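Engineer: Below is protein.cif; it holds mmCIF, C-alpha atoms.
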data_start
loop_
_atom_site.group_PDB
_atom_site.id
_atom_site.type_symbol
_atom_site.label_atom_id
_atom_site.label_comp_id
_atom_site.auth_asym_id
_atom_site.auth_seq_id
_atom_site.Cartn_x
_atom_site.Cartn_y
_atom_site.Cartn_z
ATOM 1 C CA MET A 1 14.789 -10.418 -1.176
ATOM 2 C CA GLY A 2 12.138 -12.682 -2.683
ATOM 3 C CA PRO A 3 8.474 -13.164 -1.787
ATOM 4 C CA ILE A 4 7.982 -12.675 1.952
ATOM 5 C CA ARG A 5 5.907 -15.253 3.795
ATOM 6 C CA LEU A 6 4.655 -14.010 7.164
ATOM 7 C CA ASN A 7 3.523 -15.669 10.387
ATOM 8 C CA PRO A 8 -0.140 -14.728 10.895
ATOM 9 C CA THR A 9 -1.388 -13.227 14.134
ATOM 10 C CA TYR A 10 -4.489 -15.190 15.121
ATOM 11 C CA LEU A 11 -7.289 -13.789 17.236
ATOM 12 C CA HIS A 12 -10.186 -15.701 18.776
ATOM 13 C CA PRO A 13 -13.176 -13.335 18.586
ATOM 14 C CA ILE A 14 -16.541 -14.032 20.135
ATOM 15 C CA TRP A 15 -18.108 -14.039 16.660
ATOM 16 C CA GLY A 16 -15.500 -16.287 15.020
ATOM 17 C CA GLY A 17 -15.886 -19.663 13.344
ATOM 18 C CA THR A 18 -13.438 -22.406 12.388
ATOM 19 C CA ALA A 19 -13.176 -22.005 8.588
ATOM 20 C CA ILE A 20 -9.690 -20.433 8.678
ATOM 21 C CA ALA A 21 -8.282 -23.200 10.847
ATOM 22 C CA GLU A 22 -9.925 -25.868 8.701
ATOM 23 C CA ALA A 23 -8.560 -24.342 5.480
ATOM 24 C CA ARG A 24 -5.042 -24.189 6.943
ATOM 25 C CA GLY A 25 -5.036 -27.449 8.880
ATOM 26 C CA ILE A 26 -4.718 -25.764 12.292
ATOM 27 C CA PRO A 27 -6.164 -27.541 15.343
ATOM 28 C CA CYS A 28 -8.824 -25.449 17.051
ATOM 29 C CA ASP A 29 -12.136 -25.566 18.850
ATOM 30 C CA THR A 30 -15.082 -23.213 19.193
ATOM 31 C CA GLU A 31 -13.526 -21.467 22.223
ATOM 32 C CA ARG A 32 -10.153 -20.891 20.563
ATOM 33 C CA ASN A 33 -11.467 -20.553 17.052
ATOM 34 C CA HIS A 34 -8.738 -18.707 15.110
ATOM 35 C CA GLY A 35 -11.697 -16.820 13.620
ATOM 36 C CA GLU A 36 -9.629 -13.761 12.670
ATOM 37 C CA SER A 37 -6.177 -13.938 11.108
ATOM 38 C CA PHE A 38 -3.996 -10.876 10.526
ATOM 39 C CA ASP A 39 -1.906 -12.231 7.649
ATOM 40 C CA VAL A 40 -0.168 -9.035 6.539
ATOM 41 C CA SER A 41 -0.033 -6.289 9.147
ATOM 42 C CA ALA A 42 2.492 -3.910 10.704
ATOM 43 C CA HIS A 43 0.066 -2.661 13.377
ATOM 44 C CA GLU A 44 1.078 -2.792 17.022
ATOM 45 C CA GLY A 45 -0.499 -5.753 18.761
ATOM 46 C CA VAL A 46 -1.235 -7.687 15.565
ATOM 47 C CA CYS A 47 2.080 -7.221 13.730
ATOM 48 C CA THR A 48 3.101 -10.206 11.634
ATOM 49 C CA SER A 49 6.673 -11.512 11.446
ATOM 50 C CA VAL A 50 8.798 -13.033 8.688
ATOM 51 C CA ALA A 51 8.307 -16.801 8.569
ATOM 52 C CA GLU A 52 11.487 -17.933 6.803
ATOM 53 C CA GLY A 53 14.701 -16.867 5.102
ATOM 54 C CA PRO A 54 17.441 -14.456 6.194
ATOM 55 C CA TYR A 55 14.985 -12.202 8.072
ATOM 56 C CA VAL A 56 13.108 -14.998 9.838
ATOM 57 C CA GLY A 57 11.434 -13.814 13.035
ATOM 58 C CA THR A 58 11.743 -10.126 12.178
ATOM 59 C CA PRO A 59 8.530 -8.189 12.871
ATOM 60 C CA LEU A 60 7.190 -6.592 9.715
ATOM 61 C CA ASP A 61 7.302 -3.065 11.147
ATOM 62 C CA GLN A 62 10.987 -3.548 11.984
ATOM 63 C CA LEU A 63 11.715 -4.976 8.537
ATOM 64 C CA ILE A 64 10.142 -1.866 6.980
ATOM 65 C CA ARG A 65 12.233 0.466 9.176
ATOM 66 C CA GLN A 66 15.457 -1.345 8.338
ATOM 67 C CA HIS A 67 14.801 -2.020 4.627
ATOM 68 C CA HIS A 68 12.238 0.583 3.618
ATOM 69 C CA ASP A 69 13.221 1.036 -0.012
ATOM 70 C CA GLU A 70 13.552 -2.693 -0.654
ATOM 71 C CA VAL A 71 10.184 -3.526 0.896
ATOM 72 C CA ILE A 72 8.031 -0.424 0.295
ATOM 73 C CA GLY A 73 9.698 1.117 -2.766
ATOM 74 C CA ASP A 74 9.088 4.618 -4.066
ATOM 75 C CA LEU A 75 6.443 5.464 -1.462
ATOM 76 C CA ALA A 76 6.831 7.477 1.721
ATOM 77 C CA ASP A 77 4.705 4.935 3.624
ATOM 78 C CA ASP A 78 6.092 3.592 6.899
ATOM 79 C CA THR A 79 3.585 0.747 7.027
ATOM 80 C CA VAL A 80 1.761 -1.557 4.605
ATOM 81 C CA LEU A 81 -1.768 -2.314 3.547
ATOM 82 C CA GLN A 82 -3.401 -4.931 5.728
ATOM 83 C CA MET A 83 -4.784 -8.373 4.854
ATOM 84 C CA VAL A 84 -7.078 -10.025 7.406
ATOM 85 C CA CYS A 85 -9.121 -13.234 7.075
ATOM 86 C CA MET A 86 -12.405 -13.362 9.012
ATOM 87 C CA ASP A 87 -14.865 -16.210 9.504
ATOM 88 C CA ALA A 88 -18.099 -14.796 10.921
ATOM 89 C CA ARG A 89 -20.097 -17.448 12.764
ATOM 90 C CA GLN A 90 -22.100 -14.573 14.258
ATOM 91 C CA ASN A 91 -22.610 -10.960 13.160
ATOM 92 C CA LEU A 92 -19.677 -8.688 13.833
ATOM 93 C CA SER A 93 -20.407 -5.523 15.818
ATOM 94 C CA ILE A 94 -21.853 -2.522 13.991
ATOM 95 C CA GLN A 95 -18.746 -0.453 13.360
ATOM 96 C CA VAL A 96 -17.482 2.742 11.828
ATOM 97 C CA HIS A 97 -13.883 3.779 11.114
ATOM 98 C CA PRO A 98 -12.317 7.267 11.110
ATOM 99 C CA ASP A 99 -10.976 9.148 8.124
ATOM 100 C CA GLU A 100 -7.386 10.412 7.921
ATOM 101 C CA GLU A 101 -7.891 13.776 9.621
ATOM 102 C CA TYR A 102 -9.837 12.425 12.608
ATOM 103 C CA ALA A 103 -7.645 9.351 13.031
ATOM 104 C CA ARG A 104 -4.444 11.409 13.135
ATOM 105 C CA ARG A 105 -5.842 14.128 15.404
ATOM 106 C CA VAL A 106 -7.704 11.960 17.912
ATOM 107 C CA GLU A 107 -6.018 8.554 17.820
ATOM 108 C CA GLY A 108 -2.543 9.149 16.393
ATOM 109 C CA ASP A 109 -3.537 6.590 13.766
ATOM 110 C CA ARG A 110 -4.339 6.551 10.061
ATOM 111 C CA GLU A 111 -7.552 6.318 8.049
ATOM 112 C CA LYS A 112 -9.194 2.905 7.978
ATOM 113 C CA ALA A 113 -11.004 2.183 4.755
ATOM 114 C CA GLU A 114 -11.486 -1.468 3.904
ATOM 115 C CA SER A 115 -12.800 -3.976 1.414
ATOM 116 C CA TRP A 116 -14.064 -7.520 1.714
ATOM 117 C CA TYR A 117 -13.624 -10.325 -0.804
ATOM 118 C CA ILE A 118 -16.146 -13.092 -0.093
ATOM 119 C CA PHE A 119 -14.657 -16.604 0.007
ATOM 120 C CA HIS A 120 -17.975 -18.180 0.919
ATOM 121 C CA ALA A 121 -21.424 -17.129 2.075
ATOM 122 C CA GLU A 122 -24.139 -19.359 3.460
ATOM 123 C CA PRO A 123 -27.498 -19.175 1.635
ATOM 124 C CA GLY A 124 -29.272 -15.986 2.647
ATOM 125 C CA ALA A 125 -26.214 -14.456 4.323
ATOM 126 C CA THR A 126 -26.044 -10.667 4.350
ATOM 127 C CA LEU A 127 -23.679 -7.979 5.533
ATOM 128 C CA ILE A 128 -24.442 -4.449 6.676
ATOM 129 C CA ALA A 129 -22.976 -1.537 4.729
ATOM 130 C CA GLY A 130 -24.588 1.886 4.951
ATOM 131 C CA CYS A 131 -27.497 3.491 6.821
ATOM 132 C CA LEU A 132 -31.204 3.360 6.034
ATOM 133 C CA THR A 133 -31.692 6.855 7.465
ATOM 134 C CA ASP A 134 -29.837 10.148 7.756
ATOM 135 C CA ASP A 135 -31.706 10.997 10.979
ATOM 136 C CA VAL A 136 -28.798 11.103 13.424
ATOM 137 C CA ASP A 137 -31.097 11.476 16.431
ATOM 138 C CA ALA A 138 -32.888 8.264 15.472
ATOM 139 C CA LEU A 139 -29.548 6.513 14.982
ATOM 140 C CA ARG A 140 -28.332 7.704 18.395
ATOM 141 C CA ALA A 141 -31.501 6.455 20.069
ATOM 142 C CA ALA A 142 -31.120 3.067 18.396
ATOM 143 C CA ALA A 143 -27.447 2.904 19.396
ATOM 144 C CA ALA A 144 -28.460 3.591 22.992
ATOM 145 C CA ASP A 145 -30.589 0.432 23.141
ATOM 146 C CA ASP A 146 -28.276 -1.638 20.872
ATOM 147 C CA THR A 147 -30.794 -1.900 18.016
ATOM 148 C CA VAL A 148 -29.111 0.334 15.434
ATOM 149 C CA GLY A 149 -28.062 -2.624 13.299
ATOM 150 C CA ASP A 150 -31.492 -4.235 13.165
ATOM 151 C CA ARG A 151 -33.380 -0.981 12.640
ATOM 152 C CA PHE A 152 -31.108 1.079 10.397
ATOM 153 C CA GLY A 153 -28.384 -1.152 8.965
ATOM 154 C CA GLN A 154 -28.539 -1.537 5.176
ATOM 155 C CA ARG A 155 -28.527 -5.298 4.552
ATOM 156 C CA ILE A 156 -26.747 -6.509 1.412
ATOM 157 C CA PRO A 157 -26.831 -10.143 0.253
ATOM 158 C CA VAL A 158 -23.452 -11.476 -0.894
ATOM 159 C CA GLN A 159 -22.031 -14.598 -2.456
ATOM 160 C CA GLU A 160 -18.649 -16.060 -3.384
ATOM 161 C CA GLY A 161 -16.661 -13.723 -5.608
ATOM 162 C CA ASP A 162 -18.224 -10.459 -4.435
ATOM 163 C CA PHE A 163 -15.776 -7.656 -3.598
ATOM 164 C CA VAL A 164 -17.210 -4.948 -1.338
ATOM 165 C CA LEU A 165 -15.529 -1.565 -0.742
ATOM 166 C CA ILE A 166 -16.338 0.160 2.583
ATOM 167 C CA PRO A 167 -15.149 3.807 2.766
ATOM 168 C CA ALA A 168 -14.158 5.290 6.120
ATOM 169 C CA GLY A 169 -17.190 6.682 7.931
ATOM 170 C CA THR A 170 -19.555 3.968 6.659
ATOM 171 C CA MET A 171 -21.655 2.039 9.173
ATOM 172 C CA HIS A 172 -20.969 -1.644 8.523
ATOM 173 C CA ALA A 173 -20.732 -5.192 9.875
ATOM 174 C CA LEU A 174 -19.765 -8.528 8.368
ATOM 175 C CA GLY A 175 -22.747 -10.841 8.744
ATOM 176 C CA ALA A 176 -23.107 -14.333 10.157
ATOM 177 C CA GLY A 177 -22.309 -17.114 7.697
ATOM 178 C CA ILE A 178 -19.733 -15.118 5.717
ATOM 179 C CA PHE A 179 -16.083 -16.132 5.260
ATOM 180 C CA ALA A 180 -14.076 -13.242 3.843
ATOM 181 C CA VAL A 181 -10.677 -11.599 3.510
ATOM 182 C CA GLU A 182 -10.275 -7.908 4.217
ATOM 183 C CA LEU A 183 -7.893 -5.670 2.290
ATOM 184 C CA GLY A 184 -7.616 -2.388 4.150
ATOM 185 C CA SER A 185 -5.654 0.824 4.448
ATOM 186 C CA PHE A 186 -3.152 1.803 7.137
ATOM 187 C CA GLY A 187 -5.387 2.492 10.160
ATOM 188 C CA ASN A 188 -6.602 0.038 12.762
ATOM 189 C CA THR A 189 -9.102 2.112 14.773
ATOM 190 C CA THR A 190 -12.635 0.747 15.147
ATOM 191 C CA TYR A 191 -15.580 2.377 16.909
ATOM 192 C CA ARG A 192 -18.453 0.072 17.884
ATOM 193 C CA LEU A 193 -21.967 1.517 17.739
ATOM 194 C CA CYS A 194 -23.766 -1.744 18.578
ATOM 195 C CA ASP A 195 -22.728 -5.256 19.621
ATOM 196 C CA TRP A 196 -26.017 -7.172 19.430
ATOM 197 C CA GLY A 197 -26.324 -7.290 23.215
ATOM 198 C CA ARG A 198 -22.997 -9.060 23.813
ATOM 199 C CA GLY A 199 -21.882 -6.403 26.288
ATOM 200 C CA ARG A 200 -18.464 -5.500 24.895
ATOM 201 C CA PRO A 201 -17.361 -1.848 25.206
ATOM 202 C CA LEU A 202 -18.855 0.609 22.704
ATOM 203 C CA GLN A 203 -17.361 3.865 21.410
ATOM 204 C CA VAL A 204 -20.605 5.587 20.452
ATOM 205 C CA GLU A 205 -19.569 9.239 20.742
ATOM 206 C CA LYS A 206 -16.447 8.846 18.627
ATOM 207 C CA GLY A 207 -18.417 6.666 16.236
ATOM 208 C CA PHE A 208 -20.966 9.401 15.646
ATOM 209 C CA ASP A 209 -18.145 11.927 15.240
ATOM 210 C CA VAL A 210 -16.968 10.060 12.134
ATOM 211 C CA LEU A 211 -20.225 8.514 10.840
ATOM 212 C CA ARG A 212 -21.202 9.612 7.326
ATOM 213 C CA THR A 213 -24.787 8.477 6.809
ATOM 214 C CA GLN A 214 -24.637 9.220 3.067
ATOM 215 C CA ASN A 215 -21.809 6.752 2.459
ATOM 216 C CA GLN A 216 -22.553 3.717 0.308
ATOM 217 C CA PRO A 217 -20.507 0.609 -0.452
ATOM 218 C CA THR A 218 -19.260 -0.254 -3.911
ATOM 219 C CA ILE A 219 -19.811 -3.896 -4.889
ATOM 220 C CA THR A 220 -18.089 -5.782 -7.707
ATOM 221 C CA HIS A 221 -19.672 -9.151 -8.581
ATOM 222 C CA LEU A 222 -16.851 -11.313 -9.938
ATOM 223 C CA GLY A 223 -18.505 -14.702 -9.526
ATOM 224 C CA LYS A 224 -16.569 -17.903 -8.935
ATOM 225 C CA MET A 225 -13.192 -18.572 -10.523
ATOM 226 C CA ARG A 226 -13.496 -19.403 -14.192
ATOM 227 C CA GLN A 227 -11.276 -20.278 -17.140
ATOM 228 C CA GLY A 228 -9.332 -17.370 -18.597
ATOM 229 C CA ASP A 229 -10.328 -15.932 -21.944
ATOM 230 C CA GLY A 230 -8.182 -16.129 -25.020
ATOM 231 C CA PRO A 231 -6.031 -18.838 -26.650
ATOM 232 C CA PHE A 232 -3.908 -21.339 -24.823
ATOM 233 C CA VAL A 233 -0.185 -20.628 -24.834
ATOM 234 C CA SER A 234 2.845 -22.804 -24.169
ATOM 235 C CA CYS A 235 4.504 -22.524 -20.747
ATOM 236 C CA PRO A 236 8.262 -22.999 -20.263
ATOM 237 C CA ALA A 237 7.545 -26.200 -18.341
ATOM 238 C CA GLY A 238 5.691 -27.569 -21.368
ATOM 239 C CA MET A 239 2.236 -27.452 -19.818
ATOM 240 C CA GLU A 240 -0.763 -25.788 -21.413
ATOM 241 C CA SER A 241 -1.838 -22.483 -19.898
ATOM 242 C CA ALA A 242 -4.901 -20.360 -20.541
ATOM 243 C CA ARG A 243 -4.328 -16.636 -20.730
ATOM 244 C CA PRO A 244 -5.130 -15.347 -17.202
ATOM 245 C CA LEU A 245 -8.323 -13.392 -16.743
ATOM 246 C CA VAL A 246 -7.441 -10.238 -14.803
ATOM 247 C CA ARG A 247 -10.182 -7.848 -13.672
ATOM 248 C CA PRO A 248 -10.421 -4.860 -11.347
ATOM 249 C CA GLY A 249 -11.730 -5.678 -7.891
ATOM 250 C CA VAL A 250 -11.741 -2.483 -5.817
ATOM 251 C CA ARG A 251 -10.417 1.037 -6.298
ATOM 252 C CA HIS A 252 -9.769 3.529 -3.488
ATOM 253 C CA ARG A 253 -7.341 6.427 -3.229
ATOM 254 C CA LEU A 254 -5.323 4.472 -0.610
ATOM 255 C CA PHE A 255 -5.422 0.968 -2.087
ATOM 256 C CA GLN A 256 -6.558 -1.049 -5.042
ATOM 257 C CA ALA A 257 -6.931 -4.691 -5.954
ATOM 258 C CA ASP A 258 -7.070 -6.686 -9.151
ATOM 259 C CA VAL A 259 -8.382 -10.252 -9.293
ATOM 260 C CA ALA A 260 -6.629 -12.800 -11.522
ATOM 261 C CA ASP A 261 -7.914 -16.248 -12.502
ATOM 262 C CA VAL A 262 -4.839 -18.328 -13.369
ATOM 263 C CA HIS A 263 -4.810 -21.719 -15.089
ATOM 264 C CA GLY A 264 -1.169 -22.620 -15.604
ATOM 265 C CA GLU A 265 0.981 -19.539 -15.140
ATOM 266 C CA TRP A 266 0.807 -15.772 -15.008
ATOM 267 C CA HIS A 267 3.908 -13.629 -15.458
ATOM 268 C CA VAL A 268 3.786 -10.190 -13.844
ATOM 269 C CA THR A 269 6.073 -7.192 -14.297
ATOM 270 C CA LYS A 270 5.483 -4.679 -11.528
ATOM 271 C CA PRO A 271 6.585 -1.142 -10.616
ATOM 272 C CA ASN A 272 8.922 -0.298 -7.730
ATOM 273 C CA ARG A 273 6.196 -0.781 -5.120
ATOM 274 C CA TYR A 274 5.189 -3.694 -2.957
ATOM 275 C CA GLN A 275 2.185 -5.886 -3.719
ATOM 276 C CA ILE A 276 0.221 -8.315 -1.560
ATOM 277 C CA LEU A 277 -0.946 -11.569 -3.151
ATOM 278 C CA THR A 278 -3.789 -13.508 -1.537
ATOM 279 C CA CYS A 279 -5.060 -16.842 -2.847
ATOM 280 C CA VAL A 280 -8.862 -16.882 -2.717
ATOM 281 C CA SER A 281 -9.418 -20.105 -4.705
ATOM 282 C CA GLY A 282 -7.187 -23.083 -5.490
ATOM 283 C CA SER A 283 -3.488 -22.843 -4.677
ATOM 284 C CA ALA A 284 -0.358 -21.409 -6.263
ATOM 285 C CA GLN A 285 3.405 -21.232 -6.260
ATOM 286 C CA VAL A 286 4.946 -17.767 -6.633
ATOM 287 C CA GLU A 287 8.371 -17.667 -8.242
ATOM 288 C CA THR A 288 10.894 -14.840 -8.506
ATOM 289 C CA ALA A 289 14.561 -14.624 -9.477
ATOM 290 C CA GLU A 290 15.365 -14.340 -5.763
ATOM 291 C CA GLY A 291 13.291 -17.294 -4.568
ATOM 292 C CA SER A 292 9.849 -18.872 -4.502
ATOM 293 C CA ALA A 293 7.097 -19.539 -1.977
ATOM 294 C CA PRO A 294 3.843 -21.498 -1.833
ATOM 295 C CA LEU A 295 0.567 -19.588 -1.758
ATOM 296 C CA PRO A 296 -2.190 -21.870 -0.402
ATOM 297 C CA TYR A 297 -5.889 -21.052 -0.215
ATOM 298 C CA THR A 298 -6.662 -18.129 2.161
ATOM 299 C CA CYS A 299 -2.964 -17.268 2.587
ATOM 300 C CA SER A 300 -1.004 -14.167 1.561
ATOM 301 C CA LEU A 301 2.494 -13.222 0.425
ATOM 302 C CA LEU A 302 4.162 -9.826 0.484
ATOM 303 C CA ILE A 303 5.988 -9.166 -2.788
ATOM 304 C CA PRO A 304 8.569 -6.507 -1.907
ATOM 305 C CA ALA A 305 9.232 -3.500 -4.110
ATOM 306 C CA CYS A 306 12.680 -4.756 -5.083
ATOM 307 C CA VAL A 307 11.105 -7.698 -6.941
ATOM 308 C CA SER A 308 10.430 -6.415 -10.446
ATOM 309 C CA GLU A 309 8.978 -9.623 -11.926
ATOM 310 C CA TYR A 310 7.265 -12.737 -10.598
ATOM 311 C CA THR A 311 5.305 -15.716 -11.900
ATOM 312 C CA VAL A 312 2.212 -17.268 -10.370
ATOM 313 C CA ARG A 313 1.860 -20.978 -11.196
ATOM 314 C CA GLY A 314 -1.176 -23.105 -10.477
ATOM 315 C CA THR A 315 -4.927 -23.241 -10.836
ATOM 316 C CA CYS A 316 -6.012 -20.419 -8.629
ATOM 317 C CA ARG A 317 -7.651 -17.048 -8.164
ATOM 318 C CA VAL A 318 -5.415 -14.430 -6.571
ATOM 319 C CA ILE A 319 -6.070 -10.933 -5.313
ATOM 320 C CA VAL A 320 -3.277 -8.483 -6.052
ATOM 321 C CA GLY A 321 -3.471 -5.678 -3.523
ATOM 322 C CA SER A 322 -1.346 -2.575 -4.051
ATOM 323 C CA ARG A 323 -1.005 1.152 -3.561
ATOM 324 C CA PRO A 324 -2.288 3.290 -6.456
#
Here is a file; write its structure as structure tokens.

Structural biologist:
Amino acid sequence: MGPIRLNPTYLHPIWGGTAIAEARGIPCDTERNHGESFDVSAHEGVCTSVAEGPYVGTPLDQLIRQHHDEVIGDLADDTVLQMVCMDARQNLSIQVHPDEEYARRVEGDREKAESWYIFHAEPGATLIAGCLTDDVDALRAAAADDTVGDRFGQRIPVQEGDFVLIPAGTMHALGAGIFAVELGSFGNTTYRLCDWGRGRPLQVEKGFDVLRTQNQPTITHLGKMRQGDGPFVSCPAGMESARPLVRPGVRHRLFQADVADVHGEWHVTKPNRYQILTCVSGSAQVETAEGSAPLPYTCSLLIPACVSEYTVRGTCRVIVGSRP
């Protein structure tokens, strides 16, 4: 079992733009915008499937059930971390996600914490992460007239290379003009507190059950992809390769991500746990003893637990998402 390429599940949200389709060469229009792409997911309704090889067509949740130890490794997990690309032409709804206890008890789901890596942000673009008040009565009143985002959302400017961690219980929304990829934990439950007057259903009572007004995001400013530090070394193919620059992106008890700038090749030895690779700049080829797969810009690969070593070749920046 080599690197697993998956068929994305595309959604066409009211807030979505066309950047994903343009990056991937997919025909689309503003009505069917492919503005949200679940690239690695085992959630019902958005589950991805294997794109090629001996397991082609197999839904990811089924693959995990049938080959748990090969795919997941030495973890008890029955699902995987989730990778989702989002192109926000408009603001997303003001949302909050439940923690583990509430999600299991009320929804039969899991905690949803998430992080956003920013591919691109228009000048002046901001996202909302956190509350400007701990006055729950004031927040409820603002939710009632759909103004909670404008009045009490903490606006944060972002740019390419920022990595933003959003703990469960944090009021948040991706802002207009931001193209991002989300690395998140196992849950898929969202409660809307405000939808900017668009009229979609809200889940205000459950949202306030789980809202933690004291929560704050954690932001890592990585900047744009740059040349790796250190001396150049010889690659087996005879090309010159700079030592990859690998830095921490986000850290959470349920997931973590490192960010690697690769110019040439990067050889990785990993533990008996799966990893998710996402190309956020340039393009790459991922090679293992069992096979290889392309990794274009915005796309992801699932590296199963049974793969102990792999090599990333190309000029690229990749996110390596994993379980701690």

Engineer: Between CA of Glu205 in chain A and CA of Ala143 in chain A, what is the spacing in Å?

Structural biologist: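 Here the two named atoms are 10.2 Å from each other.
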
Engineer: Need the neighbours of (-16.3, 1.4, -0.3): which residues are at most 10 Å away, counting only C-alpha atoms, as a PDB file with C-alpha atoms, in the frame of the given file?

Structural biologist:
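And here's part_8.pdb as it stands now:
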ATOM      1  CA  ALA A 113     -11.004   2.183   4.755  1.00  0.00           C
ATOM      2  CA  GLU A 114     -11.486  -1.468   3.904  1.00  0.00           C
ATOM      3  CA  SER A 115     -12.800  -3.976   1.414  1.00  0.00           C
ATOM      4  CA  TRP A 116     -14.064  -7.520   1.714  1.00  0.00           C
ATOM      5  CA  ALA A 129     -22.976  -1.537   4.729  1.00  0.00           C
ATOM      6  CA  GLY A 130     -24.588   1.886   4.951  1.00  0.00           C
ATOM      7  CA  PHE A 163     -15.776  -7.656  -3.598  1.00  0.00           C
ATOM      8  CA  VAL A 164     -17.210  -4.948  -1.338  1.00  0.00           C
ATOM      9  CA  LEU A 165     -15.529  -1.565  -0.742  1.00  0.00           C
ATOM     10  CA  ILE A 166     -16.338   0.160   2.583  1.00  0.00           C
ATOM     11  CA  PRO A 167     -15.149   3.807   2.766  1.00  0.00           C
ATOM     12  CA  ALA A 168     -14.158   5.290   6.120  1.00  0.00           C
ATOM     13  CA  GLY A 169     -17.190   6.682   7.931  1.00  0.00           C
ATOM     14  CA  THR A 170     -19.555   3.968   6.659  1.00  0.00           C
ATOM     15  CA  ASN A 215     -21.809   6.752   2.459  1.00  0.00           C
ATOM     16  CA  GLN A 216     -22.553   3.717   0.308  1.00  0.00           C
ATOM     17  CA  PRO A 217     -20.507   0.609  -0.452  1.00  0.00           C
ATOM     18  CA  THR A 218     -19.260  -0.254  -3.911  1.00  0.00           C
ATOM     19  CA  ILE A 219     -19.811  -3.896  -4.889  1.00  0.00           C
ATOM     20  CA  VAL A 250     -11.741  -2.483  -5.817  1.00  0.00           C
ATOM     21  CA  ARG A 251     -10.417   1.037  -6.298  1.00  0.00           C
ATOM     22  CA  HIS A 252      -9.769   3.529  -3.488  1.00  0.00           C
TER      23      HIS A 252
END

Engineer: One decimal, in Å: what's the spacing between CA of Gly264 in chain A and CA of Ile118 in chain A?

Structural biologist: 23.6 Å

Engineer: Could you check the closest approach to Cys47 in chain A for each of A:Gly161, A:Gly25, A:Val71, A:Thr9 and tell me which residue wins, using only C-alpha atoms?

Structural biologist: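 Of the candidates, the smallest distance to Cys47 in chain A is held by A:Thr9.
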
Engineer: What is the CA of Thr189 in chain A to CA of Arg212 in chain A distance in Å?

Structural biologist: 16.1 Å

Engineer: Compute the distance from (-18.5, -1.4, 20.5) to each atom, counting all atoms listed in the file, keep the residues with any atom at most 9 Å away, and return them as an MDAnalysis selection string; use the coordinates of the file.

Structural biologist: chainID A and resid 93:95 190:195 199:204

Engineer: For a quick check of understanding, using all atoms listed in the file, which of A:Ser308, A:Ser300, A:Ser281, A:Asn272 has the smallest distance to Asp69 in chain A?

Structural biologist: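 Of A:Ser308, A:Ser300, A:Ser281, A:Asn272, the one nearest Asp69 in chain A, counting all atoms listed in the file, is A:Asn272.
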
Engineer: With the file shown as input, list the residues that the PyMOL selection byres ((chain A and resi 293) around 12) selects, as a PyMOL selection string.

Structural biologist: chain A and resi 1-6+51-53+277+283-292+294-296+299-303+310-313

Engineer: Which neighbours of Ala125 in chain A fall inside 8 Å, counting all atoms listed in the file, when residues of the same chain fewer than 3 positions from it are skipped, and could you give them as a list in words?

Structural biologist: Ala121, Glu122, Pro157, Val158, Gln159, Gly175, Ala176, Gly177 and Ile178 of chain A

Engineer: Using the chain letters and residue numbers of this document, give as a count of residues only the residues selected by the PyMOL selection byres ((chain A and resi 100) around 8).

Structural biologist: 10

Engineer: Given only C-alpha atoms as the basis, pick out the residue of A:Ala88, A:Cys316, A:Leu254, A:Leu183 nearest to Trp15 in chain A.

Structural biologist: A:Ala88

Engineer: On this file, the PyMOL selection byres ((chain A and resi 42) around 6) gives some set of residues; write that set as a PyMOL selection string.

Structural biologist: chain A and resi 41+43+47+60-61

Engineer: Would you please work out which residue, of A:Thr269, A:Gln256, A:Thr315, A:Thr220, is nearest to Tyr117 in chain A when using all atoms listed in the file?

Structural biologist: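 Closest candidate: A:Thr220.
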
Engineer: Got a sec: who's within 7 Å of Phe38 in chain A, counting only C-alpha atoms, leaving out chain neighbours fewer than 4 positions off, as a list in words?

Structural biologist: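 Here the answer would be Pro8, Thr9, Tyr10, Val46, Met83, Val84 and Cys85 of chain A.
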
Engineer: With C-alpha atoms retained, export the selected residues as a compact mmCIF listing (two decimals), in the coordinates of the input.

Structural biologist:
# COMPACT_ATOMS: atom_id res chain seq x y z
CA PRO A 8 -0.14 -14.73 10.90
CA THR A 9 -1.39 -13.23 14.13
CA TYR A 10 -4.49 -15.19 15.12
CA VAL A 46 -1.24 -7.69 15.56
CA MET A 83 -4.78 -8.37 4.85
CA VAL A 84 -7.08 -10.02 7.41
CA CYS A 85 -9.12 -13.23 7.08

Engineer: For Val246 in chain A, list every protein, DNA or RNA residue within 7 Å, evaluated using all atoms listed in the file, and leave out those in the same chain fewer than 6 positions away; present the list as number ranges by chain.

Structural biologist: A: 258-261

Engineer: Hey, what's within 10 Å of Glu70 in chain A if we count only C-alpha atoms and toss same-chain stuff fewer than 4 positions away? As a VMD selection string, please?

Structural biologist: chain A and resid 1 63 to 64 66 74 272 to 274 304 to 307

Engineer: Write out, as an mmCIF file, in the frame of the given file, the residues just selected, with C-alpha atoms.

Structural biologist:
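again-v1.cif written:
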data_model
loop_
_atom_site.group_PDB
_atom_site.id
_atom_site.type_symbol
_atom_site.label_atom_id
_atom_site.label_comp_id
_atom_site.auth_asym_id
_atom_site.auth_seq_id
_atom_site.Cartn_x
_atom_site.Cartn_y
_atom_site.Cartn_z
ATOM 1 C CA MET A 1 14.789 -10.418 -1.176
ATOM 2 C CA LEU A 63 11.715 -4.976 8.537
ATOM 3 C CA ILE A 64 10.142 -1.866 6.980
ATOM 4 C CA GLN A 66 15.457 -1.345 8.338
ATOM 5 C CA ASP A 74 9.088 4.618 -4.066
ATOM 6 C CA ASN A 272 8.922 -0.298 -7.730
ATOM 7 C CA ARG A 273 6.196 -0.781 -5.120
ATOM 8 C CA TYR A 274 5.189 -3.694 -2.957
ATOM 9 C CA PRO A 304 8.569 -6.507 -1.907
ATOM 10 C CA ALA A 305 9.232 -3.500 -4.110
ATOM 11 C CA CYS A 306 12.680 -4.756 -5.083
ATOM 12 C CA VAL A 307 11.105 -7.698 -6.941
#
